[in-house]
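The structure file run-v8.cif is reproduced below (mmCIF, C-alpha atoms).
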```
data_data
#
loop_
_atom_site.group_PDB
_atom_site.id
_atom_site.type_symbol
_atom_site.label_atom_id
_atom_site.label_comp_id
_atom_site.auth_asym_id
_atom_site.auth_seq_id
_atom_site.Cartn_x
_atom_site.Cartn_y
_atom_site.Cartn_z
ATOM 1 C CA MET Z 86 2.681 -28.267 14.600
ATOM 2 C CA ALA Z 87 1.087 -25.464 12.654
ATOM 3 C CA MET Z 88 1.976 -22.282 10.843
ATOM 4 C CA THR Z 89 2.158 -19.351 13.248
ATOM 5 C CA VAL Z 90 2.329 -15.656 12.372
ATOM 6 C CA ILE Z 91 2.901 -12.812 14.843
ATOM 7 C CA VAL Z 92 2.485 -9.188 13.798
ATOM 8 C CA THR Z 93 3.796 -6.399 16.028
ATOM 9 C CA ARG Z 94 3.333 -2.641 15.990
ATOM 10 C CA ASP Z 95 5.300 -0.171 18.115
ATOM 11 C CA VAL Z 96 6.569 -2.747 20.613
ATOM 12 C CA PRO Z 97 9.775 -2.478 22.685
ATOM 13 C CA ASP Z 98 13.006 -3.714 21.129
ATOM 14 C CA ARG Z 99 13.245 -6.627 23.567
ATOM 15 C CA THR Z 100 9.924 -7.983 22.280
ATOM 16 C CA ARG Z 101 11.127 -7.835 18.692
ATOM 17 C CA GLY Z 102 14.479 -9.372 19.645
ATOM 18 C CA PHE Z 103 12.815 -12.214 21.527
ATOM 19 C CA LEU Z 104 10.468 -13.018 18.656
ATOM 20 C CA ALA Z 105 13.333 -12.845 16.129
ATOM 21 C CA SER Z 106 15.242 -15.377 18.249
ATOM 22 C CA ILE Z 107 12.541 -18.027 17.748
ATOM 23 C CA MET Z 108 10.957 -17.075 14.399
ATOM 24 C CA PRO Z 109 12.206 -15.567 11.119
ATOM 25 C CA GLU Z 110 11.194 -11.924 10.491
ATOM 26 C CA PRO Z 111 10.291 -11.796 6.751
ATOM 27 C CA ALA Z 112 9.118 -8.171 7.018
ATOM 28 C CA PRO Z 113 9.559 -5.542 9.735
ATOM 29 C CA GLY Z 114 7.392 -6.509 12.708
ATOM 30 C CA VAL Z 115 6.114 -9.719 11.087
ATOM 31 C CA TYR Z 116 7.310 -13.083 12.413
ATOM 32 C CA ALA Z 117 6.373 -16.406 10.805
ATOM 33 C CA ALA Z 118 7.138 -20.056 11.493
ATOM 34 C CA GLY Z 119 5.843 -22.944 9.426
ATOM 35 C CA ASN Z 120 6.064 -25.578 12.138
ATOM 36 C CA LEU Z 121 6.035 -23.949 15.575
ATOM 37 C CA SER Z 122 4.832 -26.395 18.221
ATOM 38 C CA ARG Z 123 1.886 -25.545 20.440
ATOM 39 C CA ALA Z 124 4.135 -25.538 23.519
ATOM 40 C CA VAL Z 125 6.586 -23.055 21.992
ATOM 41 C CA ARG Z 126 3.727 -20.873 20.695
ATOM 42 C CA GLU Z 127 2.079 -20.778 24.134
ATOM 43 C CA ARG Z 128 5.367 -20.037 25.914
ATOM 44 C CA ALA Z 129 6.230 -17.261 23.450
ATOM 45 C CA TRP Z 130 2.773 -15.735 23.960
ATOM 46 C CA ALA Z 131 3.177 -15.921 27.744
ATOM 47 C CA VAL Z 132 6.495 -14.044 27.554
ATOM 48 C CA VAL Z 133 5.167 -11.392 25.152
ATOM 49 C CA SER Z 134 1.992 -10.990 27.241
ATOM 50 C CA SER Z 135 3.922 -10.466 30.469
ATOM 51 C CA TRP Z 136 6.164 -7.862 28.851
ATOM 52 C CA TYR Z 137 3.144 -6.131 27.329
ATOM 53 C CA ALA Z 138 1.500 -5.982 30.773
ATOM 54 C CA GLU Z 139 4.536 -4.059 32.064
ATOM 55 C CA THR Z 140 4.547 -1.393 29.325
ATOM 56 C CA ARG Z 141 1.087 -1.408 27.670
ATOM 57 C CA ARG Z 142 2.915 -0.227 24.535
ATOM 58 C CA GLY Z 143 2.054 -1.132 20.953
ATOM 59 C CA SER Z 144 0.078 -4.119 19.804
ATOM 60 C CA VAL Z 145 0.710 -7.762 19.027
ATOM 61 C CA VAL Z 146 -1.471 -10.153 17.019
ATOM 62 C CA MET Z 147 -0.760 -13.879 16.844
ATOM 63 C CA LEU Z 148 -2.492 -16.168 14.334
ATOM 64 C CA TRP Z 149 -2.214 -19.930 13.903
ATOM 65 C CA LYS Z 150 -4.114 -22.824 12.348
ATOM 66 C CA ASP Z 151 -6.694 -24.151 14.802
ATOM 67 C CA ASP Z 152 -9.454 -26.343 13.409
ATOM 68 C CA ARG Z 153 -11.553 -25.854 16.566
ATOM 69 C CA MET Z 154 -11.918 -22.099 15.981
ATOM 70 C CA PRO Z 155 -14.133 -20.221 13.477
ATOM 71 C CA GLY Z 156 -12.574 -20.454 10.044
ATOM 72 C CA GLY Z 157 -9.864 -22.754 11.403
ATOM 73 C CA LEU Z 158 -7.849 -19.792 12.664
ATOM 74 C CA GLY Z 159 -6.744 -19.169 16.244
ATOM 75 C CA ILE Z 160 -6.057 -15.573 17.244
ATOM 76 C CA GLU Z 161 -4.620 -13.781 20.277
ATOM 77 C CA ILE Z 162 -4.421 -9.981 20.521
ATOM 78 C CA LEU Z 163 -2.656 -7.557 22.824
ATOM 79 C CA GLY Z 164 -3.234 -3.830 22.497
ATOM 80 C CA THR Z 165 -5.792 -1.978 20.511
ATOM 81 C CA PRO Z 166 -8.126 -2.479 18.891
ATOM 82 C CA PRO Z 167 -9.164 -5.766 20.519
ATOM 83 C CA ARG Z 168 -10.958 -8.044 18.081
ATOM 84 C CA ARG Z 169 -12.166 -11.587 17.777
ATOM 85 C CA LEU Z 170 -13.029 -13.801 14.838
ATOM 86 C CA ALA Z 171 -16.519 -15.024 14.060
ATOM 87 C CA ASP Z 172 -17.845 -17.371 11.402
ATOM 88 C CA LEU Z 173 -20.903 -15.881 9.690
ATOM 89 C CA ASP Z 174 -22.412 -18.443 7.327
ATOM 90 C CA GLY Z 175 -18.999 -19.760 6.330
ATOM 91 C CA VAL Z 176 -17.317 -16.338 6.054
ATOM 92 C CA LEU Z 177 -14.628 -15.483 8.605
ATOM 93 C CA VAL Z 178 -15.038 -11.910 9.882
ATOM 94 C CA SER Z 179 -13.323 -9.780 12.502
ATOM 95 C CA VAL Z 180 -15.608 -8.209 15.111
ATOM 96 C CA TRP Z 181 -14.958 -5.628 17.824
#
```

Show how you would write the structure in this file as structure tokens.
Amino acid sequence: MAMTVIVTRDVPDRTRGFLASIMPEPAPGVYAAGNLSRAVRERAWAVVSSWYAETRRGSVVMLWKDDRMPGGLGIEILGTPPRRLADLDGVLVSVW
């Protein structure tokens, strides 16, 4: 289990309500869990992704510890701007 953070911007209320039901919301639109299992994280992302596909409103970014990814950080993004992480000589950067 790893720390997971989800940041939302301008999403429907049902998305925020769903995320708040499984993760604390320490700041508006920011959800964090210190020990969310991979299965719960993947299921939550599947739900949020399907709702996003219906409305195409706002954006959602999910981050979690993943030692297989550049910088040890996994990332999923819905909305704009789409980005990905890259490791450039040991420095984690966001690219378009």

| query | Just how far from CA of Ala117 in chain Z is CA of Val133 in chain Z, in Å to one decimal? | reply |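 Interatomic distance here is 15.2 Å.
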
| Nearby residues, (13.0, -13.9, 25.8) file frame, 9 Å, all atoms listed in the file, as a ChimeraX atom specification | /Z:99-100,102-104,106,129,132-133

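Put simply, the PyMOL selection byres ((chain Z and resi 92) around 6) on this file hits Ile91, Thr93, Gly114, Val115, Val145 and Val146 of chain Z.
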
Determine the axis-aligned bounding box of all atoms of range 145-155 of chain Z present in the file, pad each side by 5 Å, and express its centre and edge lengths in Å to one decimal place as JSON.
```
{"center_x": -6.7, "center_y": -17.1, "center_z": 15.7, "size_x": 24.8, "size_y": 28.6, "size_z": 16.7}
```

Would you list the contacts of Leu163 in chain Z as a short mmCIF file (atom, residue, chain, number, x, y, z; two decimals) with C-alpha atoms, in the frame of the given file, taking every protein, DNA or RNA residue within 12 Å and counting only C-alpha atoms, but skipping same-chain residues closer than 3 positions in sequence?
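The result, written out as selection.cif:
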```cif
data_model
loop_
_atom_site.label_atom_id
_atom_site.label_comp_id
_atom_site.auth_asym_id
_atom_site.auth_seq_id
_atom_site.Cartn_x
_atom_site.Cartn_y
_atom_site.Cartn_z
CA ILE Z 91 2.90 -12.81 14.84
CA VAL Z 92 2.48 -9.19 13.80
CA THR Z 93 3.80 -6.40 16.03
CA ARG Z 94 3.33 -2.64 15.99
CA ASP Z 95 5.30 -0.17 18.11
CA VAL Z 96 6.57 -2.75 20.61
CA TRP Z 130 2.77 -15.74 23.96
CA ALA Z 131 3.18 -15.92 27.74
CA VAL Z 133 5.17 -11.39 25.15
CA SER Z 134 1.99 -10.99 27.24
CA SER Z 135 3.92 -10.47 30.47
CA TRP Z 136 6.16 -7.86 28.85
CA TYR Z 137 3.14 -6.13 27.33
CA ALA Z 138 1.50 -5.98 30.77
CA THR Z 140 4.55 -1.39 29.32
CA ARG Z 141 1.09 -1.41 27.67
CA ARG Z 142 2.92 -0.23 24.54
CA GLY Z 143 2.05 -1.13 20.95
CA SER Z 144 0.08 -4.12 19.80
CA VAL Z 145 0.71 -7.76 19.03
CA VAL Z 146 -1.47 -10.15 17.02
CA MET Z 147 -0.76 -13.88 16.84
CA ILE Z 160 -6.06 -15.57 17.24
CA PRO Z 166 -8.13 -2.48 18.89
CA PRO Z 167 -9.16 -5.77 20.52
CA ARG Z 168 -10.96 -8.04 18.08
CA ARG Z 169 -12.17 -11.59 17.78
#
```

| request: Select, from Z:Tyr116, Z:Met154, Z:Glu161, Z:Pro97, the residue with the minimum atom-to-atom distance to Glu139 in chain Z, counting only C-alpha atoms. | output: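 Distance minimum relative to Glu139 in chain Z lands on Z:Pro97.
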
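Atom pair CA of Arg123 in chain Z / CA of Pro109 in chain Z: separated by 17.1 Å.
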
Could you give me, as a PDB file with C-alpha atoms, in the frame of the given file, the residues within 8 Å of Met88 in chain Z, counting only C-alpha atoms and dropping anything in the same chain fewer than 4 positions from it?
```pdb
ATOM      1  CA  ALA Z 117       6.373 -16.406  10.805  1.00  0.00           C
ATOM      2  CA  ALA Z 118       7.138 -20.056  11.493  1.00  0.00           C
ATOM      3  CA  GLY Z 119       5.843 -22.944   9.426  1.00  0.00           C
ATOM      4  CA  ASN Z 120       6.064 -25.578  12.138  1.00  0.00           C
ATOM      5  CA  LEU Z 121       6.035 -23.949  15.575  1.00  0.00           C
ATOM      6  CA  TRP Z 149      -2.214 -19.930  13.903  1.00  0.00           C
ATOM      7  CA  LYS Z 150      -4.114 -22.824  12.348  1.00  0.00           C
TER       8      LYS Z 150
END
```

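CA of Ser122 in chain Z is positioned 12.2 Å from CA of Asp151 in chain Z.
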
Kindly complete range 132-152 of chain Z to N, CA and C atoms; the output should be written as a short mmCIF file (atom, residue, chain, number, x, y, z; two decimals), keeping the file's coordinate frame.
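Writing the result to out_1.cif gives the following:
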```cif
data_model
loop_
_atom_site.label_atom_id
_atom_site.label_comp_id
_atom_site.auth_asym_id
_atom_site.auth_seq_id
_atom_site.Cartn_x
_atom_site.Cartn_y
_atom_site.Cartn_z
N VAL Z 132 5.41 -15.02 27.38
CA VAL Z 132 6.50 -14.04 27.55
C VAL Z 132 6.08 -12.68 27.01
N VAL Z 133 5.58 -12.65 25.78
CA VAL Z 133 5.17 -11.39 25.15
C VAL Z 133 4.05 -10.74 25.96
N SER Z 134 3.10 -11.53 26.44
CA SER Z 134 1.99 -10.99 27.24
C SER Z 134 2.48 -10.37 28.54
N SER Z 135 3.42 -11.02 29.21
CA SER Z 135 3.92 -10.47 30.47
C SER Z 135 4.68 -9.17 30.23
N TRP Z 136 5.46 -9.11 29.16
CA TRP Z 136 6.16 -7.86 28.85
C TRP Z 136 5.19 -6.77 28.46
N TYR Z 137 4.15 -7.13 27.72
CA TYR Z 137 3.14 -6.13 27.33
C TYR Z 137 2.45 -5.57 28.58
N ALA Z 138 2.17 -6.43 29.54
CA ALA Z 138 1.50 -5.98 30.77
C ALA Z 138 2.34 -4.94 31.52
N GLU Z 139 3.66 -5.02 31.40
CA GLU Z 139 4.54 -4.06 32.06
C GLU Z 139 4.52 -2.69 31.39
N THR Z 140 4.40 -2.66 30.06
CA THR Z 140 4.55 -1.39 29.32
C THR Z 140 3.25 -0.87 28.72
N ARG Z 141 2.33 -1.78 28.38
CA ARG Z 141 1.09 -1.41 27.67
C ARG Z 141 1.40 -0.59 26.41
N ARG Z 142 2.47 -0.97 25.72
CA ARG Z 142 2.92 -0.23 24.54
C ARG Z 142 2.74 -1.06 23.28
N GLY Z 143 2.18 -0.47 22.25
CA GLY Z 143 2.05 -1.13 20.95
C GLY Z 143 0.94 -2.15 20.91
N SER Z 144 1.06 -3.04 19.93
CA SER Z 144 0.08 -4.12 19.80
C SER Z 144 0.76 -5.34 19.19
N VAL Z 145 0.20 -6.49 19.52
CA VAL Z 145 0.71 -7.76 19.03
C VAL Z 145 -0.49 -8.63 18.65
N VAL Z 146 -0.43 -9.23 17.47
CA VAL Z 146 -1.47 -10.15 17.02
C VAL Z 146 -0.79 -11.46 16.65
N MET Z 147 -1.29 -12.56 17.19
CA MET Z 147 -0.76 -13.88 16.84
C MET Z 147 -1.87 -14.70 16.20
N LEU Z 148 -1.55 -15.33 15.08
CA LEU Z 148 -2.49 -16.17 14.33
C LEU Z 148 -1.88 -17.54 14.12
N TRP Z 149 -2.69 -18.58 14.19
CA TRP Z 149 -2.21 -19.93 13.90
C TRP Z 149 -3.39 -20.78 13.47
N LYS Z 150 -3.08 -21.90 12.79
CA LYS Z 150 -4.11 -22.82 12.35
C LYS Z 150 -4.69 -23.54 13.55
N ASP Z 151 -6.00 -23.48 13.70
CA ASP Z 151 -6.69 -24.15 14.80
C ASP Z 151 -8.07 -24.57 14.30
N ASP Z 152 -8.21 -25.84 14.00
CA ASP Z 152 -9.45 -26.34 13.41
C ASP Z 152 -10.66 -26.23 14.33
#
```
